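The next block is final_10.csv, given as CSV, C-alpha atoms.
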```
chain,number,residue,atom,x,y,z
A,1,MET,CA,-37.7,-206.3,-42.7
A,2,GLU,CA,-39.6,-209.0,-41.0
A,3,GLU,CA,-39.3,-209.3,-37.2
A,4,ASP,CA,-37.8,-212.8,-37.3
A,5,VAL,CA,-35.0,-211.5,-39.6
A,6,LYS,CA,-34.4,-208.5,-37.4
A,7,LYS,CA,-34.2,-210.8,-34.4
A,8,ARG,CA,-31.7,-213.1,-36.1
A,9,LEU,CA,-29.5,-210.2,-37.2
A,10,SER,CA,-29.7,-208.8,-33.7
A,11,ALA,CA,-27.9,-212.0,-32.6
A,12,ASP,CA,-25.2,-211.6,-35.2
A,13,SER,CA,-21.9,-212.3,-33.5
A,14,ASP,CA,-19.5,-210.3,-35.7
A,15,GLY,CA,-21.3,-208.5,-38.5
A,16,LEU,CA,-21.1,-211.2,-41.2
A,17,LEU,CA,-24.8,-212.0,-41.1
A,18,THR,CA,-25.7,-208.3,-41.4
A,19,TYR,CA,-23.2,-207.8,-44.2
A,20,GLU,CA,-24.7,-210.8,-46.1
A,21,TYR,CA,-28.2,-209.5,-45.6
A,22,ILE,CA,-27.2,-206.1,-47.1
A,23,ALA,CA,-25.4,-207.8,-50.0
A,24,ASN,CA,-28.3,-210.3,-50.7
A,25,HIS,CA,-31.0,-207.6,-50.5
A,26,ILE,CA,-29.2,-204.6,-52.1
A,27,ASP,CA,-32.1,-203.7,-54.3
A,28,THR,CA,-34.5,-203.3,-51.4
A,29,VAL,CA,-32.3,-202.7,-48.4
A,30,GLU,CA,-32.1,-198.9,-48.4
A,31,PRO,CA,-34.9,-198.2,-45.9
A,32,GLU,CA,-33.4,-200.7,-43.4
A,33,LEU,CA,-29.8,-199.4,-43.7
A,34,PRO,CA,-29.9,-197.1,-40.7
A,35,TRP,CA,-30.8,-200.1,-38.5
A,36,LEU,CA,-28.4,-202.5,-40.3
A,37,VAL,CA,-25.5,-200.1,-40.0
A,38,GLU,CA,-26.2,-199.5,-36.3
A,39,ASN,CA,-26.3,-203.3,-35.8
A,40,MET,CA,-23.0,-203.7,-37.5
A,41,GLU,CA,-21.5,-201.0,-35.4
A,42,ARG,CA,-22.6,-202.8,-32.3
A,43,VAL,CA,-21.4,-206.3,-33.2
A,44,ASP,CA,-18.3,-205.9,-35.4
A,45,LEU,CA,-15.4,-205.6,-33.0
A,46,THR,CA,-12.6,-205.7,-35.6
A,47,GLY,CA,-14.0,-203.4,-38.3
A,48,GLN,CA,-13.8,-206.2,-40.9
A,49,PHE,CA,-17.5,-206.1,-41.8
A,50,VAL,CA,-18.2,-202.5,-41.3
A,51,ILE,CA,-15.4,-201.7,-43.7
A,52,SER,CA,-16.5,-204.4,-46.1
A,53,ALA,CA,-20.0,-203.0,-46.1
A,54,ALA,CA,-18.7,-199.5,-46.8
A,55,ARG,CA,-16.6,-200.8,-49.7
A,56,TYR,CA,-19.6,-202.8,-51.0
A,57,LEU,CA,-22.0,-199.9,-50.9
A,58,PHE,CA,-19.3,-197.6,-52.4
A,59,ALA,CA,-18.9,-200.0,-55.3
A,60,ILE,CA,-22.7,-200.2,-55.9
A,61,ASP,CA,-23.6,-196.5,-55.6
A,62,PRO,CA,-21.4,-194.1,-53.7
A,63,GLU,CA,-23.9,-191.2,-54.0
A,64,MET,CA,-27.0,-193.0,-53.0
A,65,PHE,CA,-25.4,-194.7,-50.0
A,66,ALA,CA,-23.2,-191.8,-49.0
A,67,PRO,CA,-24.6,-191.2,-45.5
A,68,HIS,CA,-24.3,-194.9,-44.7
A,69,ILE,CA,-20.9,-195.3,-46.2
A,70,ASP,CA,-19.7,-192.3,-44.1
A,71,ARG,CA,-21.0,-193.8,-40.9
A,72,LEU,CA,-19.5,-197.3,-41.7
A,73,ILE,CA,-16.1,-195.7,-42.5
A,74,LYS,CA,-16.2,-193.8,-39.2
A,75,ALA,CA,-16.9,-197.1,-37.3
A,76,GLY,CA,-14.2,-198.8,-39.3
A,77,ILE,CA,-11.6,-196.2,-38.3
A,78,GLU,CA,-12.4,-196.8,-34.7
A,79,LYS,CA,-12.6,-200.6,-34.8
A,80,ASP,CA,-9.7,-201.5,-37.1
A,81,ARG,CA,-7.0,-201.1,-34.5
A,82,GLU,CA,-4.7,-203.5,-36.3
A,83,HIS,CA,-5.1,-201.7,-39.6
A,84,ARG,CA,-6.0,-204.8,-41.5
A,85,TYR,CA,-8.7,-203.4,-43.6
A,86,LEU,CA,-8.2,-199.6,-43.8
A,87,GLY,CA,-5.5,-199.7,-46.5
A,88,ASP,CA,-7.7,-201.6,-49.0
A,89,MET,CA,-10.5,-199.2,-48.4
A,90,LEU,CA,-8.2,-196.2,-49.1
A,91,ARG,CA,-7.1,-197.7,-52.4
A,92,GLN,CA,-10.7,-198.5,-53.5
A,93,MET,CA,-12.3,-195.3,-52.5
A,94,TYR,CA,-9.6,-192.8,-53.2
A,95,GLY,CA,-7.7,-194.5,-56.0
A,96,PRO,CA,-4.3,-196.2,-56.1
A,97,ASP,CA,-2.6,-192.8,-56.2
A,98,TYR,CA,-4.1,-191.7,-52.9
A,99,ALA,CA,-0.6,-191.2,-51.3
A,100,ASP,CA,0.4,-188.8,-54.0
A,101,ARG,CA,-2.8,-186.7,-53.3
A,102,ALA,CA,-2.7,-187.1,-49.5
A,103,ALA,CA,-2.5,-183.4,-48.7
A,104,GLU,CA,-5.3,-182.5,-51.1
A,105,LEU,CA,-7.5,-185.4,-49.9
A,106,SER,CA,-6.8,-184.6,-46.2
A,107,ALA,CA,-7.9,-181.0,-46.7
A,108,SER,CA,-11.2,-182.0,-48.3
A,109,ASP,CA,-12.2,-185.3,-46.6
A,110,ASP,CA,-12.1,-185.8,-42.8
A,111,ASN,CA,-12.4,-189.6,-43.1
A,112,PHE,CA,-9.4,-189.7,-45.4
A,113,ARG,CA,-7.4,-187.6,-43.1
A,114,ARG,CA,-8.3,-189.8,-40.1
A,115,ILE,CA,-7.5,-193.0,-41.9
A,116,TYR,CA,-4.2,-191.7,-43.3
A,117,LYS,CA,-3.1,-190.6,-39.9
A,118,ARG,CA,-3.9,-194.0,-38.5
A,119,LEU,CA,-1.9,-195.8,-41.2
A,120,PHE,CA,0.9,-193.3,-41.4
A,121,PRO,CA,1.2,-191.6,-38.0
A,122,THR,CA,4.5,-190.0,-38.7
A,123,SER,CA,3.3,-188.3,-41.9
A,124,ALA,CA,3.5,-184.6,-42.2
A,125,ILE,CA,-0.2,-184.4,-43.0
```

With the file now loaded, output its structure as structure tokens.
Amino acid sequence: MEEDVKKRLSADSDGLLTYEYIANHIDTVEPELPWLVENMERVDLTGQFVISAARYLFAIDPEMFAPHIDRLIKAGIEKDREHRYLGDMLRQMYGPDYADRAAELSASDDNFRRIYKRLFPTSAI
């Protein structure tokens, strides 16, 4: 990544520019993803773009991008205080029947458990 691009993305106010960079350079972005994810964690205060990036990378290649997706999900859990984006992420990543499999998924996936508890705090899980 060129320094002028990095400087521009460092000034990103909410994560949108960084998300767009990832989407527009998906074929070559993998080496820069640690820095890009860190930048999104720093600037995205609502979780909108960290969750969008996690969903996008999951749709492209969940195995190849797994470490970055995990980090973005963790940031999204912390940032999405109003729970605007977490529900859509659950449906996409765990399937529309995630609620029926909540106990199983909670036992095997810490991110799922944390999201589910955020969205359904009175749940028995």

Which polymer residues have any atom within 12 Å of an atom of Arg81 of chain A, counting only C-alpha atoms, with same-chain residues fewer than 5 positions away left out, as a PyMOL selection string?
-> chain A and resi 45-48+75-76+86+115+118-119

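Take the candidates A:Gly95, A:Glu20, A:Ile77, A:Asp100 and check each one against Lys117 of chain A using all atoms listed in the file; the shortest distance goes to A:Ile77.
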
| message | Within 12 Å of (3.6, -183.6, -40.7) (file coordinates; only C-alpha atoms), which protein or nucleic acid residues are there? I'd like them as a ChimeraX atom specification. | response | /A:102-103,106,113,116-117,120-125

What lies within 12 Å of Pro67 of chain A using all atoms listed in the file, ignoring chain neighbours under 6 positions off, as an mmCIF file with C-alpha atoms, keeping the file's coordinate frame?
```cif
data_model
loop_
_atom_site.group_PDB
_atom_site.id
_atom_site.type_symbol
_atom_site.label_atom_id
_atom_site.label_comp_id
_atom_site.auth_asym_id
_atom_site.auth_seq_id
_atom_site.Cartn_x
_atom_site.Cartn_y
_atom_site.Cartn_z
ATOM 1 C CA GLU A 30 -32.100 -198.900 -48.400
ATOM 2 C CA LEU A 33 -29.800 -199.400 -43.700
ATOM 3 C CA PRO A 34 -29.900 -197.100 -40.700
ATOM 4 C CA VAL A 37 -25.500 -200.100 -40.000
ATOM 5 C CA ALA A 54 -18.700 -199.500 -46.800
ATOM 6 C CA LEU A 57 -22.000 -199.900 -50.900
ATOM 7 C CA PHE A 58 -19.300 -197.600 -52.400
ATOM 8 C CA ASP A 61 -23.600 -196.500 -55.600
ATOM 9 C CA ILE A 73 -16.100 -195.700 -42.500
ATOM 10 C CA LYS A 74 -16.200 -193.800 -39.200
#
```

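Atom CA of Val50 of chain A lies 9.9 Å from atom CA of Glu38 of chain A.
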
**Prompt:** Contacts of segment 23-28 of chain A at 9 Å or less, counting only C-alpha atoms, minus same-chain residues fewer than 6 places along, as a list of chain:residue names?
**Reply:** A:Ala53, A:Tyr56, A:Leu57, A:Ile60

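The two atoms in question, atom CA of Asp12 of chain A and atom CA of Phe65 of chain A, are spaced 22.5 Å apart.
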
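Of the residues listed (A:Leu72, A:Ala99, A:Gln92, A:Val43), A:Leu72 shows the shortest atom-to-atom separation from Asn111 of chain A; distances use only C-alpha atoms.
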
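The nearest approach to Trp35 of chain A among the residues A:Tyr98, A:Glu82, A:Leu9, A:Asp14, with only C-alpha atoms taken into account, belongs to A:Leu9.
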
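The coordinates place atom CA of Ser108 of chain A at 19.9 Å from atom CA of Asp88 of chain A.
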
For Asp44 of chain A, the closest of A:Gly15, A:Met64, A:Val29, A:Tyr21 counting all atoms listed in the file is A:Gly15
